[in-house]
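Participant: Could you have a look at this structure, given as structure tokens, before my questions?
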Amino acid sequence: MMARQVCLFLVLCLVRCDTKTVLQDKLAGVRTVDVQAVEGMVAQFPCDLGTAANDKVYMVFWFRDDAGIPLYSFDVRGKHLSEARHWSAPEVFGPRAHFSTSPSPASLLVRDVKRRDEGVYRCRIDFRNTQTTSFRYNLTVVVPPEKPVVVDRWGRVINTTTLGPHEEGDDVLLTCRVLGGRPEPSVRWLVNGVLVDEEYEHNTGDVIENRLMWPAIRRADYAAVFTCQAANSHLVPPKEVSLVLDMFLRPLTVEIKKPAEMGEGGVLTAERRYEVACESAGSRPPAIITWYKGKRQLKRITEELRDNLTISVMSFVPTLDDDSKPITCRAENPNVTTLFMETSWTINVVYPPVVKLRLGSSLAAGDIKEGDDVYFECHVRANPPARKLSWLHDDRALAHNATARVFHSNQSLVLQKVTRHSSGRYACSALNAEGETVSNELHFRVKYAPSCRSGSTTGVSVVGAARGESVVIVCEVDADPPAAVFKWKFNNSGETLDVPADRYTSNGSASSLKYTPVADLDYGTLSCSASNEVGSQITPCVFQMVAAGKPHALRNCTLWNQTSDSVEVSCVAGFDGGLPQHFLLEVYSGDDRKPRINLTSEEPIWTVRGLEWDVRFRLTAVAVNSKGRSPPTPLEDILFRDPEKRTGAAGAAGATVIGAGAALALAVAAWRAARRRRAPRKAPPSAQLDKPTEHDDAEPDLIPNNYCETSSAPCLAVSSPSRSGPVPISTPACNGPGASWTWGARATTPGVTLGRSASASLRGAHTPATDLNVDAIKEKLLDNRIPESCV
């Protein structure tokens with residue numbers, strides 16, 4: 001009972017005393033200190049026990065506002081500070097509060113601060129002797145805001161730490177929203193830690209927003225950190241959210257690596273394969289490279305990635321159409337096609353000329369006639385430019401010739417007053433450093449009126465026919481287009497008649513008339529003329545009808561100028577039968593019926609050479625015209641001796657040869673003396689050969705062949721190679737095999753027409769001798785026993 005009374009007394013005393021103390025504090029003007037504490041964290045209220053230096057603390061009380069009842073007490077009476085007794089009102093702080101005297105100053109620590117803890121608190125310190133000391137604190141409980149939320153321009157919450165990806169030049173619009181917080185938090189934006197925006201505004205309820213506009217982002221903004229912070233106290237770090245800017249970046253560099261195989265001056269050769277590389281860096285993600293030739297994309301490429309470097313190799317074969325085209329390497333961001341970078345290289349492709357020939361554009365190819373002027377155009381495309389332009393007509397060079405009215409003008413060919421001979425195949429060729437090209441062939445056609453196809457130089461063809469003989473006369477004309485109409489006429493000395501159309505037939509370029517002369521008046525002139533769409537034939541084809549038959553036989557045939565391997569033959573022509581004739585020499589061996597050689601000549605003169613030794617040959621001469629052959633004229637047989645056998649025979653009769661040589665020397669000397677006393681004789685006109693030249697005096701050591709004319713004995717005639725052939729001799733002893741000699745003859749091909757005279761050889765080409773054929777002369781001297789008088 002006594003104890004309760006004591007306790008009640010003490011409480012009443014304390015209340016009275018604290019009330020008194022509050023009044024004393026107010027009177028004494030005790031300063032109130034603001035204290036902040038974050039909700040859920042620790043609040044600290046300092047209460048310095050060392051205000052009375054030499055006095056001992058008895059009691060420490062904590063009061064809220066002006067309440068007279070303490071909420072926490074610290075009792076030190078009769079104890080050491082470390083043994084003091086603590087008491088905390090359970091309805092206020094309870095176990096959350098603790099008064100700590102160390103470290104100094106002593107403080108009341110309240111854990112897990114609640115919003116309801118906010119208020120004014122007072123600490124009273126009672127000393128043993130010194131006056132009571134008081135401290136006042138105004139506790140403010142800070143409520144942190146919630147974590148910020150960032151939304152994009154479309155109001156979508158960004159839940160990742162990455163912002164974007166965005167493209168260069170985009171505007172970034174971000175809104176940071178913060179909910180709650182007491183006191184009201186401040187919301188701000190920082191970019192890479194630098195404050196860029198701290199203006200915020202209230203939204204619905206207790207939502208605070210800060211809207212950031214970051215215009216036209218650049219490459220330098222890549223990986224920038226955008227941070228939104230919400231803070232309402234320095235006691236705790238601000239609530240924040242950070243976003244890293246992701247960007248699609250365009251390439252920084254793109255470069256074409258030209259091939260090393262380029263020619264001088266950076267040229268490419270057409271139809272040759274090249275590899276070209278392109279490198280690009282700076283794109284994010286790495287660039288994709290595409291190639292273009294002009295506007296066409298190229299597909300034959302290989303690509304390689306090295307870190308941020310893309311390497312692409314393109315293989316292509318340039319053509320002549322690629323000359324001056326750009327080769328473009330385009331590096332682009334694979335995610336954004338508008339983020340690209342490209343570079344171009346205009347290629348220079350060299351190639352041989354490309355040539356195309358055309359007839360002049362104003363001309364109609366099917367309507368060109370003789371006398372027209374035409375021109376051709378040669379279109380040349382070449383790199384390097386063509387340095388030479390040539391024209392071809394039927395594969396032959398066609399030069400500039402003003403006389404022939406052929407003109408070259410730049411890349412045109414002008415032909416004035418064309419003729420039928422201008423028809424044919426035309427082409428042009430161009431030449432440059434890469435080569436020469438011939439154009440397409442242009443078949444050029446010139447239309448012309450009909451004209452005679454006859455090869456006669458006089459324009460008149462002789463047709464021979466006997467009375468009652470029917471002949472078919474063919475009139476052939478050249479015409480383009482072919483002749484459409486033919487007309488025939490007959491003319492003799494008395495009249496001119498049109499031949500009825502039913503008497504002849506026509507087929508294209510030829511007309512055939514069957515004609516039979518019966519009387520003398522049926523011999524005359526037949527003429528035919530034709531016409532086509534170009535015009536009528538100006539000069540008709542003329543056929544002279546003559547009474548004709550086979551030619552007569554040759555006469556006075558002679559062998560002369562015979563050597564060891566050749567002989568010359570000459571004859572006199574007989575009547576030609578009224579028609580042109582030619583002459584044929586046939587050489588037979590032994591009893592053969594087939595000639596070994598056929599020699600044709602316009603004149604009855606032939607040379608046969610290279611015949612085999614020790615073989616007897618038969619010669620036959622005939623004349624031939626369109627009616628047939630003349631009767632054959634046989635000549636004497638000829639025989640050539642083997643020179644080696646003749647040399648052996650001469651060795652066996654050495655003395656005779658020596659004598660013959662001496663006789664020959666005397667004969668030559670006698671001839672020289674006689675030559676000085678006599679003038680040369682003329683050849684008989686019946687020989688129809690060229691006269692011998694006056695060269696005898698130049699070669700006085702040779703025996704003249706006309707010496708034999710005065711003798712009836714066998715004779716040896718020698719002719720100089722510079723003289724013409726000898727006159728045929730009628731003396732039998734001086735004609736025949738071996739009667740005429742020479743030491744030189746021309747080698748010719750057997751069976752070939754030789755013009756006015758002919759020669760042939762059965763052996764190889766004969767080399768003309770440079771000395772007198774002494775062995776042959778010796779042999780004839782010995783075999784024929786030629787009288788000295790003849791020599």
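Each chain in the structure tokens gets a letter, A, B and so on, in the order shown; residues start at 1 in every chain, and ligands are counted from 1 in the order they appear.
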Find the spatial neighbours of Asn401 in chain A, counting only C-alpha atoms, within a cut-off of 12 Å - ignore same-chain residues fewer than 4 positions away - and output them as a VMD selection string.
Facilitator: chain A and resid 397 405 to 409 413 to 416
Participant: Within 8 Å of Pro185 in chain A, counting only C-alpha atoms, which residues qualify if same-chain residues fewer than 4 places away don't, as a PyMOL selection string?
Facilitator: chain A and resi 144-145+181+230-233
Participant: Please identify which residues in range 154-345 of chain A DSSP calls strand (DSSP E) from the backbone, and express them as a count of residues only.
Facilitator: 103
Participant: Using only C-alpha atoms, which of the listed residues (A:Gly494, A:Gly205, A:Pro46, A:Gly628) sits closest to Thr101 in chain A?
Facilitator: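 Ranking A:Gly494, A:Gly205, A:Pro46, A:Gly628 by distance to Thr101 in chain A, first place goes to A:Pro46.
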Participant: Do you know which residues are at most 9 Å from Ala465 in chain A counting only C-alpha atoms, after dropping those on the same chain fewer than 4 positions away, and could you put them as a list in words?
Facilitator: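 Final neighbour list, sorted by chain and number: Glu469, Ser470, Val471, Thr516, Pro517, Met545, Val546, Ala547, Ala548, Gly549 and Lys627 of chain A.
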Participant: Given the choices A:Asp367, A:Asp576, A:Glu377, A:Glu476, which gets closest to Glu533 in chain A if the distance is worked out from only C-alpha atoms?
Facilitator: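 That would be A:Asp367, the residue with the smallest distance to Glu533 in chain A.
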Participant: Can you tell me which residues surround Leu243 in chain A at a distance of at most 10 Å, considering only C-alpha atoms, apart from same-chain residues fewer than 3 positions away, and format the answer as number ranges by chain?
Facilitator: A: 150, 158-164, 191, 223-228, 246
Participant: Those residues with all heavy atoms, as a CSV table (one decimal), in the first residue's frame please?
Facilitator:
chain,number,residue,atom,x,y,z
A,150,VAL,N,9.2,4.9,-67.7
A,150,VAL,CA,9.4,5.6,-68.9
A,150,VAL,C,8.6,5.1,-70.0
A,150,VAL,O,8.5,3.9,-70.3
A,150,VAL,CB,10.9,5.6,-69.4
A,150,VAL,CG1,11.1,6.4,-70.7
A,150,VAL,CG2,11.8,6.1,-68.3
A,158,ILE,N,8.5,1.4,-71.6
A,158,ILE,CA,9.7,0.7,-72.0
A,158,ILE,C,10.2,-0.1,-70.8
A,158,ILE,O,10.6,0.4,-69.8
A,158,ILE,CB,10.8,1.8,-72.4
A,158,ILE,CG1,10.2,2.7,-73.5
A,158,ILE,CG2,12.1,1.2,-72.8
A,158,ILE,CD1,11.1,3.8,-73.9
A,159,ASN,N,10.1,-1.4,-71.0
A,159,ASN,CA,10.5,-2.3,-69.9
A,159,ASN,C,11.9,-2.8,-70.0
A,159,ASN,O,12.3,-3.6,-69.2
A,159,ASN,CB,9.5,-3.5,-69.9
A,159,ASN,CG,8.1,-3.1,-69.6
A,159,ASN,OD1,7.9,-2.3,-68.7
A,159,ASN,ND2,7.1,-3.7,-70.3
A,160,THR,N,12.6,-2.5,-71.1
A,160,THR,CA,14.0,-2.9,-71.2
A,160,THR,C,14.9,-1.8,-70.9
A,160,THR,O,14.5,-0.7,-70.6
A,160,THR,CB,14.2,-3.4,-72.7
A,160,THR,OG1,14.1,-2.3,-73.6
A,160,THR,CG2,13.2,-4.5,-73.1
A,161,THR,N,16.2,-2.1,-70.9
A,161,THR,CA,17.2,-1.1,-70.6
A,161,THR,C,17.7,-0.5,-71.9
A,161,THR,O,18.7,0.3,-71.9
A,161,THR,CB,18.4,-1.8,-69.9
A,161,THR,OG1,18.9,-2.8,-70.7
A,161,THR,CG2,17.9,-2.3,-68.5
A,162,THR,N,17.1,-0.9,-73.1
A,162,THR,CA,17.6,-0.4,-74.4
A,162,THR,C,16.6,0.5,-74.9
A,162,THR,O,15.4,0.2,-74.9
A,162,THR,CB,17.8,-1.6,-75.3
A,162,THR,OG1,18.8,-2.4,-74.8
A,162,THR,CG2,18.4,-1.0,-76.7
A,163,LEU,N,17.0,1.6,-75.4
A,163,LEU,CA,16.1,2.6,-76.1
A,163,LEU,C,16.4,2.5,-77.6
A,163,LEU,O,17.5,2.8,-78.1
A,163,LEU,CB,16.5,4.0,-75.5
A,163,LEU,CG,15.7,5.2,-76.2
A,163,LEU,CD1,14.2,5.0,-75.9
A,163,LEU,CD2,16.2,6.5,-75.6
A,164,GLY,N,15.3,2.2,-78.3
A,164,GLY,CA,15.5,2.0,-79.7
A,164,GLY,C,15.4,0.6,-80.2
A,164,GLY,O,14.8,-0.3,-79.5
A,191,VAL,N,21.5,12.9,-69.4
A,191,VAL,CA,22.0,12.2,-70.5
A,191,VAL,C,23.5,12.1,-70.3
A,191,VAL,O,24.2,13.1,-70.2
A,191,VAL,CB,21.7,12.9,-71.8
A,191,VAL,CG1,22.4,12.2,-73.0
A,191,VAL,CG2,20.2,13.0,-72.1
A,223,ALA,N,24.7,4.8,-78.0
A,223,ALA,CA,25.1,4.2,-76.7
A,223,ALA,C,25.0,5.3,-75.6
A,223,ALA,O,25.5,5.1,-74.5
A,223,ALA,CB,26.4,3.6,-76.7
A,224,ALA,N,24.3,6.4,-75.9
A,224,ALA,CA,24.1,7.4,-74.8
A,224,ALA,C,23.1,6.8,-73.8
A,224,ALA,O,22.2,6.1,-74.1
A,224,ALA,CB,23.6,8.7,-75.4
A,225,VAL,N,23.3,7.2,-72.5
A,225,VAL,CA,22.5,6.7,-71.4
A,225,VAL,C,21.6,7.8,-71.0
A,225,VAL,O,22.0,8.9,-70.5
A,225,VAL,CB,23.4,6.3,-70.2
A,225,VAL,CG1,22.5,5.8,-69.0
A,225,VAL,CG2,24.4,5.3,-70.6
A,226,PHE,N,20.3,7.5,-71.2
A,226,PHE,CA,19.2,8.5,-70.7
A,226,PHE,C,18.7,8.0,-69.4
A,226,PHE,O,18.2,6.9,-69.3
A,226,PHE,CB,18.1,8.5,-71.8
A,226,PHE,CG,18.5,9.2,-73.1
A,226,PHE,CD1,19.3,8.5,-74.0
A,226,PHE,CD2,18.0,10.4,-73.3
A,226,PHE,CE1,19.6,9.2,-75.2
A,226,PHE,CE2,18.3,11.0,-74.5
A,226,PHE,CZ,19.1,10.4,-75.4
A,227,THR,N,18.8,8.9,-68.3
A,227,THR,CA,18.4,8.5,-67.0
A,227,THR,C,17.4,9.4,-66.5
A,227,THR,O,17.5,10.7,-66.6
A,227,THR,CB,19.7,8.6,-66.0
A,227,THR,OG1,20.7,7.7,-66.6
A,227,THR,CG2,19.3,8.2,-64.6
A,228,CYS,N,16.3,8.8,-65.9
A,228,CYS,CA,15.2,9.6,-65.3
A,228,CYS,C,15.4,9.4,-63.8
A,228,CYS,O,15.4,8.2,-63.3
A,228,CYS,CB,13.9,9.1,-65.7
A,228,CYS,SG,12.5,9.9,-64.8
A,246,ASP,N,20.1,2.7,-78.5
A,246,ASP,CA,20.6,1.8,-79.6
A,246,ASP,C,20.2,2.5,-80.9
A,246,ASP,O,19.1,3.0,-81.1
A,246,ASP,CB,19.9,0.5,-79.5
A,246,ASP,CG,20.6,-0.5,-80.4
A,246,ASP,OD1,21.6,-0.2,-81.0
A,246,ASP,OD2,20.0,-1.6,-80.6
Participant: To one decimal place in Å, what is the distance between CA of Cys428 in chain A and CA of His393 in chain A?
Facilitator: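 According to the coordinates, CA of Cys428 in chain A and CA of His393 in chain A are separated by 8.8 Å.
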Participant: DSSP says helix (DSSP H, G or I) for which residues of range 572-651 of chain A? Put them as a list in words?
Facilitator: Pro643, Glu644, Lys645, Arg646, Thr647, Gly648, Ala649, Ala650 and Gly651 of chain A
Participant: Take the residues that were just selected and, keeping C-alpha atoms, output them as a tab-separated table (two decimals), in the first residue's frame.
Facilitator:
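And here's part01.tsv as it stands now:
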chain	number	residue	atom	x	y	z
A	643	PRO	CA	74.51	-38.13	-174.76
A	644	GLU	CA	76.49	-40.64	-172.66
A	645	LYS	CA	76.32	-43.27	-175.43
A	646	ARG	CA	77.38	-40.69	-177.99
A	647	THR	CA	80.32	-39.73	-175.77
A	648	GLY	CA	81.44	-43.42	-175.58
A	649	ALA	CA	81.22	-43.78	-179.33
A	650	ALA	CA	83.26	-40.65	-179.77
A	651	GLY	CA	86.00	-42.10	-177.48
Participant: Excluding Asp614 in chain A and its own-chain neighbours fewer than 3 positions away, which residues fall within 10 Å of it when counting only C-alpha atoms? Please give them as JSON, numbers by chain.
Facilitator: {"A": [611, 617, 638, 639, 640, 641, 642]}
Participant: List the spatial neighbours of Ala430 in chain A as a list in words - criterion: any atom at most 10 Å away, only C-alpha atoms, same-chain residues fewer than 6 positions off excluded.
Facilitator: Pro352, Pro353, Val354, Val355, Cys378, His379, Val380, Arg381, Ala382, Pro385, Ala386, Arg387, Lys388, Leu389, Ser390, Trp391, Gln411, Glu436, Thr437, Val438 and Ser439 of chain A
Participant: Take the residues from that selection and write them out as a PDB file, in the first residue's frame, keeping N, CA and C atoms.
Facilitator:
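Done, and the output landed in selection14.pdb:
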ATOM      1  N   PRO A 352      37.818  -4.604-129.979  1.00  0.00           N
ATOM      2  CA  PRO A 352      37.992  -4.402-131.417  1.00  0.00           C
ATOM      3  C   PRO A 352      36.761  -3.729-132.002  1.00  0.00           C
ATOM      4  N   PRO A 353      36.921  -3.123-133.164  1.00  0.00           N
ATOM      5  CA  PRO A 353      35.775  -2.409-133.753  1.00  0.00           C
ATOM      6  C   PRO A 353      34.592  -3.344-134.000  1.00  0.00           C
ATOM      7  N   VAL A 354      33.423  -2.802-133.801  1.00  0.00           N
ATOM      8  CA  VAL A 354      32.172  -3.464-134.191  1.00  0.00           C
ATOM      9  C   VAL A 354      31.661  -2.703-135.412  1.00  0.00           C
ATOM     10  N   VAL A 355      31.606  -3.392-136.530  1.00  0.00           N
ATOM     11  CA  VAL A 355      31.362  -2.721-137.804  1.00  0.00           C
ATOM     12  C   VAL A 355      30.083  -3.269-138.430  1.00  0.00           C
ATOM     13  N   CYS A 378      29.208   2.958-143.351  1.00  0.00           N
ATOM     14  CA  CYS A 378      29.898   1.999-142.477  1.00  0.00           C
ATOM     15  C   CYS A 378      29.817   2.520-141.051  1.00  0.00           C
ATOM     16  N   HIS A 379      29.024   1.856-140.246  1.00  0.00           N
ATOM     17  CA  HIS A 379      28.848   2.271-138.851  1.00  0.00           C
ATOM     18  C   HIS A 379      29.878   1.536-138.001  1.00  0.00           C
ATOM     19  N   VAL A 380      30.736   2.308-137.373  1.00  0.00           N
ATOM     20  CA  VAL A 380      31.845   1.741-136.603  1.00  0.00           C
ATOM     21  C   VAL A 380      31.695   2.154-135.152  1.00  0.00           C
ATOM     22  N   ARG A 381      31.822   1.155-134.303  1.00  0.00           N
ATOM     23  CA  ARG A 381      31.844   1.395-132.858  1.00  0.00           C
ATOM     24  C   ARG A 381      33.108   0.749-132.321  1.00  0.00           C
ATOM     25  N   ALA A 382      33.995   1.550-131.756  1.00  0.00           N
ATOM     26  CA  ALA A 382      35.289   1.017-131.346  1.00  0.00           C
ATOM     27  C   ALA A 382      35.835   1.823-130.180  1.00  0.00           C
ATOM     28  N   PRO A 385      39.126   4.545-130.576  1.00  0.00           N
ATOM     29  CA  PRO A 385      38.527   4.795-131.893  1.00  0.00           C
ATOM     30  C   PRO A 385      39.343   4.162-133.013  1.00  0.00           C
ATOM     31  N   ALA A 386      38.637   3.765-134.054  1.00  0.00           N
ATOM     32  CA  ALA A 386      39.300   3.139-135.206  1.00  0.00           C
ATOM     33  C   ALA A 386      40.208   4.159-135.880  1.00  0.00           C
ATOM     34  N   ARG A 387      41.416   3.705-136.212  1.00  0.00           N
ATOM     35  CA  ARG A 387      42.371   4.603-136.866  1.00  0.00           C
ATOM     36  C   ARG A 387      42.445   4.372-138.375  1.00  0.00           C
ATOM     37  N   LYS A 388      41.774   3.333-138.863  1.00  0.00           N
ATOM     38  CA  LYS A 388      41.810   3.063-140.296  1.00  0.00           C
ATOM     39  C   LYS A 388      40.502   2.421-140.705  1.00  0.00           C
ATOM     40  N   LEU A 389      39.956   2.906-141.840  1.00  0.00           N
ATOM     41  CA  LEU A 389      38.717   2.359-142.383  1.00  0.00           C
ATOM     42  C   LEU A 389      38.983   1.970-143.836  1.00  0.00           C
ATOM     43  N   SER A 390      38.691   0.728-144.180  1.00  0.00           N
ATOM     44  CA  SER A 390      38.928   0.223-145.530  1.00  0.00           C
ATOM     45  C   SER A 390      37.623  -0.314-146.105  1.00  0.00           C
ATOM     46  N   TRP A 391      37.608  -0.332-147.450  1.00  0.00           N
ATOM     47  CA  TRP A 391      36.421  -0.824-148.159  1.00  0.00           C
ATOM     48  C   TRP A 391      36.825  -2.010-149.033  1.00  0.00           C
ATOM     49  N   GLN A 411      33.002   7.965-143.133  1.00  0.00           N
ATOM     50  CA  GLN A 411      32.634   6.558-143.012  1.00  0.00           C
ATOM     51  C   GLN A 411      31.628   6.159-144.086  1.00  0.00           C
ATOM     52  N   GLU A 436      41.338  -5.839-135.882  1.00  0.00           N
ATOM     53  CA  GLU A 436      40.637  -5.419-137.095  1.00  0.00           C
ATOM     54  C   GLU A 436      39.389  -6.275-137.266  1.00  0.00           C
ATOM     55  N   THR A 437      38.302  -5.619-137.654  1.00  0.00           N
ATOM     56  CA  THR A 437      37.025  -6.309-137.819  1.00  0.00           C
ATOM     57  C   THR A 437      36.460  -5.971-139.189  1.00  0.00           C
ATOM     58  N   VAL A 438      35.976  -7.009-139.876  1.00  0.00           N
ATOM     59  CA  VAL A 438      35.323  -6.833-141.168  1.00  0.00           C
ATOM     60  C   VAL A 438      33.817  -6.886-140.950  1.00  0.00           C
ATOM     61  N   SER A 439      33.131  -5.993-141.584  1.00  0.00           N
ATOM     62  CA  SER A 439      31.690  -5.884-141.385  1.00  0.00           C
ATOM     63  C   SER A 439      30.950  -7.034-142.048  1.00  0.00           C
TER      64      SER A 439
END
Participant: Under the rule that only C-alpha atoms are counted, which of A:Val569, A:Cys123, A:Ile327, A:Leu431 is the nearest residue to Leu585 in chain A?
Facilitator: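 Nearest candidate to Leu585 in chain A out of A:Val569, A:Cys123, A:Ile327, A:Leu431: A:Val569.
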